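Everything below belongs to entry-v9.cif, which stores mmCIF, C-alpha atoms and all ligand atoms; chains and numbers go by the auth columns.
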```cif
data_my_file
#
loop_
_atom_site.group_PDB
_atom_site.id
_atom_site.type_symbol
_atom_site.label_atom_id
_atom_site.label_comp_id
_atom_site.label_asym_id
_atom_site.label_seq_id
_atom_site.Cartn_x
_atom_site.Cartn_y
_atom_site.Cartn_z
_atom_site.B_iso_or_equiv
_atom_site.auth_seq_id
_atom_site.auth_asym_id
ATOM 1 C CA MET A 1 1.653 1.349 -15.768 0.00 192 Q
ATOM 2 C CA ALA A 2 0.492 -2.267 -15.744 0.00 193 Q
ATOM 3 C CA VAL A 3 3.857 -3.771 -14.812 0.00 194 Q
ATOM 4 C CA THR A 4 4.720 -1.213 -12.110 0.00 195 Q
ATOM 5 C CA GLY A 5 1.154 -1.418 -10.754 0.00 196 Q
ATOM 6 C CA LEU A 6 1.322 -5.212 -10.463 0.00 197 Q
ATOM 7 C CA LEU A 7 4.743 -4.927 -8.800 0.00 198 Q
ATOM 8 C CA LEU A 8 3.272 -2.517 -6.231 0.00 199 Q
ATOM 9 C CA ILE A 9 0.329 -4.884 -5.623 0.00 200 Q
ATOM 10 C CA GLY A 10 2.926 -7.655 -5.072 0.00 201 Q
ATOM 11 C CA PHE A 11 4.596 -5.445 -2.446 0.00 202 Q
ATOM 12 C CA LEU A 12 1.223 -4.839 -0.745 0.00 203 Q
ATOM 13 C CA LEU A 13 0.556 -8.586 -0.513 0.00 204 Q
ATOM 14 C CA MET A 14 4.056 -9.202 0.933 0.00 205 Q
ATOM 15 C CA HIS A 15 3.609 -6.331 3.392 0.00 206 Q
ATOM 16 C CA MET A 16 0.194 -7.630 4.477 0.00 207 Q
ATOM 17 C CA PHE A 17 1.516 -11.155 5.103 0.00 208 Q
ATOM 18 C CA GLY A 18 4.517 -9.680 6.977 0.00 209 Q
ATOM 19 C CA ASN A 19 2.090 -7.764 9.228 0.00 210 Q
ATOM 20 C CA PHE A 20 0.370 -11.045 10.131 0.00 211 Q
ATOM 21 C CA LYS A 21 3.424 -11.765 12.320 0.00 212 Q
ATOM 22 C CA MET A 22 1.806 -9.365 14.804 0.00 213 Q
ATOM 23 C CA LEU A 23 -0.884 -12.005 15.323 0.00 214 Q
ATOM 24 C CA ILE A 24 1.625 -14.476 16.851 0.00 215 Q
ATOM 25 C CA PRO A 25 1.144 -14.314 20.635 0.00 216 Q
ATOM 26 C CA ASP A 26 4.831 -13.892 21.559 0.00 217 Q
ATOM 27 C CA ASP A 27 4.930 -10.215 22.660 0.00 218 Q
ATOM 28 C CA GLY A 28 6.042 -9.137 19.183 0.00 219 Q
ATOM 29 C CA LYS A 29 9.222 -11.250 19.127 0.00 220 Q
ATOM 30 C CA GLU A 30 8.652 -12.674 15.605 0.00 221 Q
ATOM 31 C CA PHE A 31 7.499 -9.311 14.246 0.00 222 Q
ATOM 32 C CA ASN A 32 10.551 -7.480 15.634 0.00 223 Q
ATOM 33 C CA GLU A 33 12.858 -10.220 14.337 0.00 224 Q
ATOM 34 C CA TYR A 34 11.260 -9.927 10.894 0.00 225 Q
ATOM 35 C CA SER A 35 11.847 -6.165 10.920 0.00 226 Q
ATOM 36 C CA HIS A 36 15.467 -6.769 11.995 0.00 227 Q
ATOM 37 C CA TRP A 37 15.893 -9.449 9.293 0.00 228 Q
ATOM 38 C CA LEU A 38 14.753 -6.967 6.611 0.00 229 Q
ATOM 39 C CA ARG A 39 17.620 -4.695 7.671 0.00 230 Q
ATOM 40 C CA GLU A 40 20.293 -7.350 8.095 0.00 231 Q
ATOM 41 C CA PHE A 41 19.461 -9.750 5.242 0.00 232 Q
ATOM 42 C CA GLY A 42 22.685 -10.970 3.570 0.00 233 Q
ATOM 43 C CA TYR A 43 24.982 -9.691 6.360 0.00 234 Q
ATOM 44 C CA PRO A 44 27.962 -10.251 6.719 0.00 235 Q
ATOM 45 C CA ALA A 45 28.356 -11.152 3.017 0.00 236 Q
ATOM 46 C CA LEU A 46 26.588 -7.856 2.187 0.00 237 Q
ATOM 47 C CA PRO A 47 26.963 -4.573 4.106 0.00 238 Q
ATOM 48 C CA HIS A 48 24.307 -3.705 6.739 0.00 239 Q
ATOM 49 C CA LYS A 49 20.972 -2.645 5.206 0.00 240 Q
ATOM 50 C CA LEU A 50 22.190 -3.100 1.584 0.00 241 Q
ATOM 51 C CA PHE A 51 19.352 -5.499 0.765 0.00 242 Q
ATOM 52 C CA LEU A 52 16.818 -3.123 2.373 0.00 243 Q
ATOM 53 C CA TRP A 53 18.120 -0.190 0.324 0.00 244 Q
ATOM 54 C CA ILE A 54 18.019 -2.190 -2.936 0.00 245 Q
ATOM 55 C CA PHE A 55 14.453 -3.155 -2.060 0.00 246 Q
ATOM 56 C CA ARG A 56 13.547 0.479 -1.270 0.00 247 Q
ATOM 57 C CA ILE A 57 15.121 1.756 -4.521 0.00 248 Q
ATOM 58 C CA VAL A 58 13.207 -0.836 -6.618 0.00 249 Q
ATOM 59 C CA LEU A 59 9.964 0.051 -4.822 0.00 250 Q
ATOM 60 C CA LEU A 60 10.505 3.795 -5.143 0.00 251 Q
ATOM 61 C CA SER A 61 11.449 3.486 -8.840 0.00 252 Q
ATOM 62 C CA ALA A 62 8.271 1.466 -9.493 0.00 253 Q
ATOM 63 C CA ALA A 63 6.189 4.115 -7.674 0.00 254 Q
ATOM 64 C CA VAL A 64 7.851 7.015 -9.553 0.00 255 Q
ATOM 65 C CA LEU A 65 7.452 5.277 -12.954 0.00 256 Q
ATOM 66 C CA HIS A 66 3.831 4.497 -12.080 0.00 257 Q
ATOM 67 C CA ILE A 67 3.069 8.133 -11.217 0.00 258 Q
ATOM 68 C CA TRP A 68 4.957 9.386 -14.283 0.00 259 Q
ATOM 69 C CA SER A 69 2.980 7.122 -16.663 0.00 260 Q
ATOM 70 C CA ALA A 70 -0.267 8.150 -14.923 0.00 261 Q
ATOM 71 C CA ALA A 71 0.573 11.838 -15.424 0.00 262 Q
ATOM 72 C CA LYS A 72 1.388 11.207 -19.105 0.00 263 Q
ATOM 73 C CA LEU A 73 -1.895 9.354 -19.664 0.00 264 Q
ATOM 74 C CA ARG A 74 -3.811 12.123 -17.909 0.00 265 Q
ATOM 75 C CA LEU A 75 -2.209 14.829 -20.059 0.00 266 Q
ATOM 76 C CA ARG A 76 -2.984 12.833 -23.204 0.00 267 Q
ATOM 77 C CA ALA A 77 -6.619 12.344 -22.085 0.00 268 Q
ATOM 78 C CA ASN A 78 -6.948 16.073 -21.377 0.00 269 Q
ATOM 79 C CA ALA A 79 -5.586 16.902 -24.835 0.00 270 Q
ATOM 80 C CA ASN A 80 -8.101 14.500 -26.464 0.00 271 Q
ATOM 81 C CA ALA A 81 -10.963 15.950 -24.412 0.00 272 Q
ATOM 82 C CA GLY A 82 -10.539 19.195 -26.349 0.00 273 Q
ATOM 83 C CA GLY A 83 -12.530 17.798 -29.286 0.00 274 Q
ATOM 84 C CA LYS A 84 -16.307 17.502 -28.747 0.00 275 Q
ATOM 85 C CA ARG A 85 -16.501 14.366 -30.896 0.00 276 Q
ATOM 86 C CA TYR A 86 -14.841 12.335 -28.108 0.00 277 Q
ATOM 87 C CA ARG A 87 -17.503 13.220 -25.578 0.00 278 Q
ATOM 88 C CA SER A 88 -19.368 9.952 -25.970 0.00 279 Q
ATOM 89 C CA GLN A 89 -20.798 8.011 -23.017 0.00 280 Q
ATOM 90 C CA LYS A 90 -17.772 5.688 -23.195 0.00 281 Q
ATOM 91 C CA PHE A 91 -15.349 8.585 -22.969 0.00 282 Q
ATOM 92 C CA MET A 92 -17.207 10.077 -20.006 0.00 283 Q
ATOM 93 C CA GLU A 93 -17.001 6.713 -18.199 0.00 284 Q
ATOM 94 C CA LYS A 94 -13.319 6.388 -18.951 0.00 285 Q
ATOM 95 C CA SER A 95 -12.501 9.920 -17.873 0.00 286 Q
ATOM 96 C CA TYR A 96 -14.476 9.362 -14.632 0.00 287 Q
ATOM 97 C CA ALA A 97 -12.412 6.240 -13.850 0.00 288 Q
ATOM 98 C CA ALA A 98 -9.193 8.070 -14.733 0.00 289 Q
ATOM 99 C CA ARG A 99 -10.128 10.995 -12.519 0.00 290 Q
ATOM 100 C CA THR A 100 -10.881 8.857 -9.471 0.00 291 Q
ATOM 101 C CA MET A 101 -7.657 6.901 -10.049 0.00 292 Q
ATOM 102 C CA ILE A 102 -5.636 10.140 -10.058 0.00 293 Q
ATOM 103 C CA TRP A 103 -7.256 11.451 -6.827 0.00 294 Q
ATOM 104 C CA GLY A 104 -7.006 8.026 -5.209 0.00 295 Q
ATOM 105 C CA GLY A 105 -3.334 7.894 -6.195 0.00 296 Q
ATOM 106 C CA ILE A 106 -2.667 11.331 -4.643 0.00 297 Q
ATOM 107 C CA LEU A 107 -4.392 10.262 -1.400 0.00 298 Q
ATOM 108 C CA ILE A 108 -2.319 7.057 -1.324 0.00 299 Q
ATOM 109 C CA LEU A 109 0.879 9.063 -1.837 0.00 300 Q
ATOM 110 C CA LEU A 110 -0.023 11.315 1.116 0.00 301 Q
ATOM 111 C CA PHE A 111 -0.880 8.257 3.207 0.00 302 Q
ATOM 112 C CA VAL A 112 2.468 6.562 2.389 0.00 303 Q
ATOM 113 C CA ILE A 113 4.395 9.724 3.370 0.00 304 Q
ATOM 114 C CA ILE A 114 2.572 9.928 6.743 0.00 305 Q
ATOM 115 C CA HIS A 115 2.920 6.140 7.199 0.00 306 Q
ATOM 116 C CA ILE A 116 6.708 6.183 6.662 0.00 307 Q
ATOM 117 C CA LEU A 117 7.087 9.236 8.938 0.00 308 Q
ATOM 118 C CA GLN A 118 5.132 7.322 11.581 0.00 309 Q
ATOM 119 C CA TYR A 119 6.517 3.782 11.448 0.00 310 Q
ATOM 120 C CA THR A 120 9.876 3.904 9.668 0.00 311 Q
ATOM 121 C CA ALA A 121 11.276 7.337 10.553 0.00 312 Q
ATOM 122 C CA GLU A 122 9.442 7.731 13.913 0.00 313 Q
ATOM 123 C CA VAL A 123 8.978 11.432 13.246 0.00 314 Q
ATOM 124 C CA LEU A 124 5.220 11.242 13.873 0.00 315 Q
ATOM 125 C CA ARG A 125 4.929 9.493 17.232 0.00 316 Q
ATOM 126 C CA PHE A 126 1.214 8.707 17.405 0.00 317 Q
ATOM 127 C CA GLY A 127 0.297 7.181 20.769 0.00 318 Q
ATOM 128 C CA TYR A 128 3.625 8.035 22.455 0.00 319 Q
ATOM 129 C CA ASP A 129 5.632 11.209 22.607 0.00 320 Q
ATOM 130 C CA ASN A 130 9.048 10.631 24.145 0.00 321 Q
ATOM 131 C CA PRO A 131 11.424 12.170 21.559 0.00 322 Q
ATOM 132 C CA ASP A 132 14.532 10.618 23.151 0.00 323 Q
ATOM 133 C CA ARG A 133 13.476 7.009 23.003 0.00 324 Q
ATOM 134 C CA SER A 134 12.991 4.863 19.905 0.00 325 Q
ATOM 135 C CA LEU A 135 10.451 2.059 20.325 0.00 326 Q
ATOM 136 C CA ALA A 136 10.812 -1.460 18.890 0.00 327 Q
ATOM 137 C CA PRO A 137 8.677 -1.883 15.714 0.00 328 Q
ATOM 138 C CA PHE A 138 6.018 -3.939 17.558 0.00 329 Q
ATOM 139 C CA ASP A 139 5.658 -1.298 20.308 0.00 330 Q
ATOM 140 C CA ARG A 140 5.408 1.474 17.708 0.00 331 Q
ATOM 141 C CA VAL A 141 2.530 -0.369 16.064 0.00 332 Q
ATOM 142 C CA LEU A 142 0.844 -1.037 19.443 0.00 333 Q
ATOM 143 C CA ALA A 143 1.154 2.626 20.456 0.00 334 Q
ATOM 144 C CA GLY A 144 -0.206 3.893 17.117 0.00 335 Q
ATOM 145 C CA PHE A 145 -3.199 1.600 16.847 0.00 336 Q
ATOM 146 C CA SER A 146 -4.206 2.046 20.486 0.00 337 Q
ATOM 147 C CA GLU A 147 -5.562 5.423 19.320 0.00 338 Q
ATOM 148 C CA TRP A 148 -9.017 5.151 17.691 0.00 339 Q
ATOM 149 C CA TRP A 149 -8.357 8.046 15.324 0.00 340 Q
ATOM 150 C CA VAL A 150 -5.190 6.390 13.971 0.00 341 Q
ATOM 151 C CA VAL A 151 -7.205 3.224 13.227 0.00 342 Q
ATOM 152 C CA LEU A 152 -9.916 5.360 11.587 0.00 343 Q
ATOM 153 C CA PHE A 153 -7.291 7.157 9.486 0.00 344 Q
ATOM 154 C CA TYR A 154 -5.877 3.795 8.337 0.00 345 Q
ATOM 155 C CA ALA A 155 -9.385 2.411 7.658 0.00 346 Q
ATOM 156 C CA ILE A 156 -10.114 5.389 5.363 0.00 347 Q
ATOM 157 C CA ALA A 157 -6.682 5.293 3.682 0.00 348 Q
ATOM 158 C CA MET A 158 -7.120 1.569 3.039 0.00 349 Q
ATOM 159 C CA VAL A 159 -10.419 2.289 1.239 0.00 350 Q
ATOM 160 C CA ALA A 160 -8.426 4.524 -1.142 0.00 351 Q
ATOM 161 C CA VAL A 161 -5.706 1.842 -1.524 0.00 352 Q
ATOM 162 C CA CYS A 162 -8.204 -0.948 -2.192 0.00 353 Q
ATOM 163 C CA MET A 163 -10.365 1.055 -4.625 0.00 354 Q
ATOM 164 C CA HIS A 164 -7.190 1.879 -6.529 0.00 355 Q
ATOM 165 C CA VAL A 165 -6.239 -1.814 -6.550 0.00 356 Q
ATOM 166 C CA LEU A 166 -9.764 -2.790 -7.658 0.00 357 Q
ATOM 167 C CA HIS A 167 -9.623 -0.673 -10.800 0.00 358 Q
ATOM 168 C CA GLY A 168 -5.838 -0.996 -11.255 0.00 359 Q
ATOM 169 C CA PHE A 169 -5.734 -4.810 -11.060 0.00 360 Q
ATOM 170 C CA TRP A 170 -8.451 -5.124 -13.680 0.00 361 Q
ATOM 171 C CA SER A 171 -7.010 -2.536 -16.056 0.00 362 Q
ATOM 172 C CA ALA A 172 -3.437 -3.865 -15.682 0.00 363 Q
ATOM 173 C CA PHE A 173 -4.496 -7.317 -16.883 0.00 364 Q
ATOM 174 C CA ALA A 174 -6.644 -5.746 -19.611 0.00 365 Q
ATOM 175 C CA THR A 175 -3.537 -3.811 -20.810 0.00 366 Q
ATOM 176 C CA LEU A 176 -1.566 -7.066 -20.821 0.00 367 Q
ATOM 177 C CA GLY A 177 -4.197 -8.615 -23.122 0.00 368 Q
ATOM 178 C CA ALA A 178 -6.119 -10.807 -20.669 0.00 369 Q
ATOM 179 C CA ASN A 179 -9.408 -9.018 -21.430 0.00 370 Q
ATOM 180 C CA ALA A 180 -10.008 -11.107 -24.568 0.00 371 Q
ATOM 181 C CA SER A 181 -13.621 -12.245 -24.112 0.00 372 Q
ATOM 182 C CA ALA A 182 -16.725 -11.570 -22.031 0.00 373 Q
ATOM 183 C CA GLY A 183 -15.863 -14.642 -19.893 0.00 374 Q
ATOM 184 C CA ALA A 184 -12.292 -13.446 -19.319 0.00 375 Q
ATOM 185 C CA ARG A 185 -13.617 -10.007 -18.385 0.00 376 Q
ATOM 186 C CA LYS A 186 -15.895 -11.536 -15.755 0.00 377 Q
ATOM 187 C CA VAL A 187 -13.047 -13.620 -14.297 0.00 378 Q
ATOM 188 C CA LEU A 188 -10.759 -10.556 -14.191 0.00 379 Q
ATOM 189 C CA LYS A 189 -13.407 -8.440 -12.430 0.00 380 Q
ATOM 190 C CA THR A 190 -13.994 -11.199 -9.856 0.00 381 Q
ATOM 191 C CA LEU A 191 -10.244 -11.560 -9.240 0.00 382 Q
ATOM 192 C CA ALA A 192 -9.915 -7.780 -8.848 0.00 383 Q
ATOM 193 C CA TRP A 193 -12.676 -7.771 -6.189 0.00 384 Q
ATOM 194 C CA ILE A 194 -11.039 -10.708 -4.370 0.00 385 Q
ATOM 195 C CA ALA A 195 -7.614 -8.978 -4.370 0.00 386 Q
ATOM 196 C CA ALA A 196 -9.079 -5.682 -3.098 0.00 387 Q
ATOM 197 C CA ALA A 197 -11.204 -7.343 -0.386 0.00 388 Q
ATOM 198 C CA LEU A 198 -8.307 -9.574 0.716 0.00 389 Q
ATOM 199 C CA LEU A 199 -6.012 -6.552 1.058 0.00 390 Q
ATOM 200 C CA TYR A 200 -8.611 -4.537 2.980 0.00 391 Q
ATOM 201 C CA VAL A 201 -9.447 -7.256 5.480 0.00 392 Q
ATOM 202 C CA GLY A 202 -5.831 -8.469 5.751 0.00 393 Q
ATOM 203 C CA PHE A 203 -4.377 -4.999 6.393 0.00 394 Q
ATOM 204 C CA MET A 204 -7.128 -3.991 8.843 0.00 395 Q
ATOM 205 C CA ILE A 205 -7.020 -7.142 11.018 0.00 396 Q
ATOM 206 C CA PRO A 206 -3.933 -6.107 13.098 0.00 397 Q
ATOM 207 C CA PRO A 207 -5.026 -2.459 13.749 0.00 398 Q
ATOM 208 C CA VAL A 208 -8.559 -3.494 14.795 0.00 399 Q
ATOM 209 C CA LEU A 209 -7.311 -6.314 17.048 0.00 400 Q
ATOM 210 C CA ILE A 210 -4.818 -3.921 18.685 0.00 401 Q
ATOM 211 C CA LEU A 211 -7.519 -1.274 19.239 0.00 402 Q
ATOM 212 C CA PHE A 212 -9.761 -3.818 20.990 0.00 403 Q
ATOM 213 C CA GLY A 213 -6.887 -5.187 23.071 0.00 404 Q
ATOM 214 C CA VAL A 214 -6.790 -8.655 21.455 0.00 405 Q
ATOM 215 C CA ILE A 215 -3.178 -8.028 20.365 0.00 406 Q
ATOM 216 C CA GLY A 216 -1.032 -6.426 23.052 0.00 407 Q
ATOM 217 C CA ARG A 217 1.362 -7.064 25.887 0.00 408 Q
HETATM 218 C C1 LIG B . -2.944 -1.262 8.276 0.00 501 Q
HETATM 219 C C2 LIG B . -2.049 -1.275 7.339 0.00 501 Q
HETATM 220 C C3 LIG B . -0.555 -1.201 7.533 0.00 501 Q
HETATM 221 C C4 LIG B . 0.238 -1.467 8.615 0.00 501 Q
HETATM 222 C C5 LIG B . -0.187 -1.973 9.983 0.00 501 Q
HETATM 223 C C6 LIG B . 1.602 -1.212 8.228 0.00 501 Q
HETATM 224 C C7 LIG B . 2.712 -1.344 9.038 0.00 501 Q
HETATM 225 C C8 LIG B . 3.998 -0.945 8.710 0.00 501 Q
HETATM 226 C C9 LIG B . 5.131 -0.943 9.613 0.00 501 Q
HETATM 227 C C10 LIG B . 5.085 -1.376 11.063 0.00 501 Q
HETATM 228 C C11 LIG B . 6.203 -0.492 8.919 0.00 501 Q
HETATM 229 C C12 LIG B . 7.654 -0.326 9.451 0.00 501 Q
HETATM 230 C C13 LIG B . 8.377 -1.617 9.267 0.00 501 Q
HETATM 231 C C14 LIG B . 9.778 -1.558 9.834 0.00 501 Q
HETATM 232 O O1 LIG B . 10.336 -0.462 9.968 0.00 501 Q
HETATM 233 O O2 LIG B . 10.321 -2.624 10.107 0.00 501 Q
HETATM 234 C C15 LIG B . 5.764 -0.201 7.578 0.00 501 Q
HETATM 235 C C16 LIG B . 6.577 0.287 6.573 0.00 501 Q
HETATM 236 C C17 LIG B . 6.132 0.595 5.310 0.00 501 Q
HETATM 237 N N1 LIG B . 4.861 0.465 4.819 0.00 501 Q
HETATM 238 FE FE1 LIG B . 3.249 -0.173 5.855 0.00 501 Q
HETATM 239 N N2 LIG B . 1.613 -0.799 6.914 0.00 501 Q
HETATM 240 C C18 LIG B . 0.312 -0.768 6.460 0.00 501 Q
HETATM 241 C C19 LIG B . -0.136 -0.412 5.200 0.00 501 Q
HETATM 242 C C20 LIG B . 0.684 0.012 4.185 0.00 501 Q
HETATM 243 C C21 LIG B . 0.216 0.362 2.866 0.00 501 Q
HETATM 244 C C22 LIG B . -1.239 0.294 2.412 0.00 501 Q
HETATM 245 C C23 LIG B . 1.310 0.741 2.149 0.00 501 Q
HETATM 246 C C24 LIG B . 1.423 1.216 0.734 0.00 501 Q
HETATM 247 C C25 LIG B . 0.432 1.757 0.052 0.00 501 Q
HETATM 248 C C26 LIG B . 2.461 0.637 3.023 0.00 501 Q
HETATM 249 C C27 LIG B . 3.754 0.949 2.673 0.00 501 Q
HETATM 250 C C28 LIG B . 4.833 0.898 3.513 0.00 501 Q
HETATM 251 C C29 LIG B . 6.169 1.320 3.131 0.00 501 Q
HETATM 252 C C30 LIG B . 6.581 1.859 1.769 0.00 501 Q
HETATM 253 C C31 LIG B . 6.990 1.137 4.271 0.00 501 Q
HETATM 254 C C32 LIG B . 8.483 1.491 4.397 0.00 501 Q
HETATM 255 C C33 LIG B . 9.346 0.299 4.100 0.00 501 Q
HETATM 256 C C34 LIG B . 10.799 0.712 4.347 0.00 501 Q
HETATM 257 O O3 LIG B . 11.259 0.648 5.476 0.00 501 Q
HETATM 258 O O4 LIG B . 11.425 1.107 3.393 0.00 501 Q
HETATM 259 N N3 LIG B . 2.050 0.184 4.252 0.00 501 Q
HETATM 260 N N4 LIG B . 4.410 -0.488 7.477 0.00 501 Q
#
```
Show this structure as C-alpha cells.
Ligand code: HEM
Amino acid sequence: MAVTGLLLIGFLLMHMFGNFKMLIPDDGKEFNEYSHWLREFGYPALPHKLFLWIFRIVLLSAAVLHIWSAAKLRLRANANAGGKRYRSQKFMEKSYAARTMIWGGILILLFVIIHILQYTAEVLRFGYDNPDRSLAPFDRVLAGFSEWWVVLFYAIAMVAVCMHVLHGFWSAFATLGANASAGARKVLKTLAWIAAALLYVGFMIPPVLILFGVIGR
C-alpha cells in the first residue's frame, strides 16, 4: 500500500504542476502543447501514444494494487473485530481511520471515472454540448470550469483526495519505518499536512481563476 500510495501521490504532484501551464497567459498554447507532448513523447522512435499508454498502464496497475491491498487489510480488520478483546480505544481509532480511508477511496475512484469521462474521453461535455466537435484540452478545461457547479464538484472531490493524502502520506512513511520517535512522528504529520494543503491549493487555483474570468481567452 505504501509504495503504490506514494507513487500515486507522485502522479498527483506531477499532474498539479502540469496544470499550472494553464496559468501562462498565451491562450492555452503551452497547455495544449504539453497535452500533445504527452501523446507524442518518443515519436518517431516509438509509435504514437506508446509512452502515454505505458504511463497509463503503470498508473492503473498502481491504483489496482492499492485498492486490492486496501480490500485485503479491510477484510483482515473485519475478521479481527470479531473478538471483543480487540475493542480497545486504540482499535476503535484505527478502525475509524480505516473506515474513512475506504469511503474516501471509493469517492476518489468515482471522481476519477467522471474526471476521465469529462477531460480525456470527452463523453461528459460539461459547459459545452456539441457532440460532433472535439475541443482542444485548454478549451475543454475553460468550458468545464466556467460552470460554478463543476468547480464546486471539484472543490468537494479535492477535499476527499487531500484527506486521503493526509492520512495516507503519514501512514505510508510509518509503514516504511520513518515513524521511529516522537520527533519523527511530528515531522511526518507536519509534512503530511503540507503535502495535502499544497495539493488542495495547487489543484484548485486553475478552476477558481477560470470561474472568475482571470484565466480565459
Ligand atoms: C482541479 C483539479 C484537476 C484538474 C484541473 C485536472 C485536469 C485534467 C485534464 C485537463 C486532463 C486531460 C489531460 C489531457 O487529455 O491532455 C486530466 C486527466 C487526468 N487526470 Fe486530472 N485534473 C485534476 C485533478 C485530478 C485528480 C485529483 C486526479 C486523481 C485523483 C486526476 C487524475 C487524472 C487522470 C488519471 C487523467 C487521465 C490521464 C490520461 O490521459 O491517461 N486529476 N486532468
(message) I want to know what sits within 9 Å of Q:Gly359, based on all atoms listed in the file, with residues of the same chain fewer than 5 positions away left out; could you give that as number ranges by chain?
(response) Q: 193, 196-197, 292, 354, 364, 383
Could you report the residues within 6 Å of ligand LIG 501 (chain Q), using only C-alpha atoms and all ligand atoms, as a PDB file with C-alpha atoms, in the coordinates of the input?
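New file part_29.pdb:
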```pdb
ATOM      1  CA  SER Q 226      11.847  -6.165  10.920  1.00  0.00           C
ATOM      2  CA  ARG Q 247      13.547   0.479  -1.270  1.00  0.00           C
ATOM      3  CA  VAL Q 303       2.468   6.562   2.389  1.00  0.00           C
ATOM      4  CA  ILE Q 307       6.708   6.183   6.662  1.00  0.00           C
ATOM      5  CA  TYR Q 310       6.517   3.782  11.448  1.00  0.00           C
ATOM      6  CA  THR Q 311       9.876   3.904   9.668  1.00  0.00           C
ATOM      7  CA  PRO Q 328       8.677  -1.883  15.714  1.00  0.00           C
ATOM      8  CA  VAL Q 332       2.530  -0.369  16.064  1.00  0.00           C
ATOM      9  CA  TYR Q 345      -5.877   3.795   8.337  1.00  0.00           C
ATOM     10  CA  PHE Q 394      -4.377  -4.999   6.393  1.00  0.00           C
ATOM     11  CA  MET Q 395      -7.128  -3.991   8.843  1.00  0.00           C
ATOM     12  CA  PRO Q 398      -5.026  -2.459  13.749  1.00  0.00           C
TER      13      PRO Q 398
END
```
(request) Could you state which residues are captured by the PyMOL selection byres (((chain Q and resi 318-324) around 12) and not hetatm) in this file, as a ChimeraX atom specification? (result) /Q:309-310,313-317,325-327,330-342,402
(message) Which residue is closest to Q:Arg265? Choose from Q:Lys220, Q:Phe329, Q:Trp294, Q:Asn370 and count only C-alpha atoms.
(response)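 Selected residue with least distance to Q:Arg265: Q:Trp294.
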(request) Using all atoms listed in the file, determine which residues lie at most 12 Å from Q:Ser252, disregarding the query and same-chain residues fewer than 6 positions distant; provide the list as a PyMOL selection string. (result) chain Q and resi 195-196+198-199+244-246+258-259
(request) Quote the spacing between atom CA of Q:Gly407 and atom CA of Q:His227 in Å to one decimal place. (result) 19.9 Å
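Here atom CA of Q:Phe242 is placed at a distance of 7.2 Å from atom CA of Q:Arg230.
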(request) Tell me, in Å to one decimal, how far atom CA of Q:Leu243 is from atom CA of Q:Glu231. (result)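 Separation between atom CA of Q:Leu243 and atom CA of Q:Glu231: 7.9 Å.
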(message) Can you translate the PyMOL selection byres (((chain Q and resi 390) around 10) and not hetatm) into the concrete residues it hits in this file, as a VMD selection string?
(response) chain Q and resid 200 203 to 204 206 to 208 349 to 350 352 to 353 356 384 to 389 391 to 395
Can you list, as a short mmCIF file (atom, residue, chain, number, x, y, z; two decimals) with C-alpha atoms, in the frame of the given file, every protein, DNA or RNA residue that comes within 8 Å of Q:Pro216 when you count only C-alpha atoms, leaving out same-chain residues fewer than 3 positions away?
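Below is the file that was written, out_33.cif:
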```cif
data_model
loop_
_atom_site.label_atom_id
_atom_site.label_comp_id
_atom_site.auth_asym_id
_atom_site.auth_seq_id
_atom_site.Cartn_x
_atom_site.Cartn_y
_atom_site.Cartn_z
CA MET Q 213 1.81 -9.36 14.80
CA GLY Q 219 6.04 -9.14 19.18
CA ILE Q 406 -3.18 -8.03 20.36
#
```
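With only C-alpha atoms as the atoms that count, the minimum distance from Q:Phe344 to the choices Q:Lys212, Q:Leu379, Q:Ile299, Q:Glu224 is reached by Q:Ile299.
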(request) Have a look at Q:Phe202, Q:Ala363, Q:His355, Q:His306 and name the one nearest to Q:Leu250; count only C-alpha atoms. (result) Q:Phe202
(message) For a quick check of understanding, using all atoms listed in the file, which of Q:Leu343, Q:Trp361, Q:Ala369, Q:Leu400 has the smallest distance to Q:Leu382?
(response)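 Checking each candidate against Q:Leu382, we get Q:Trp361 as the closest.
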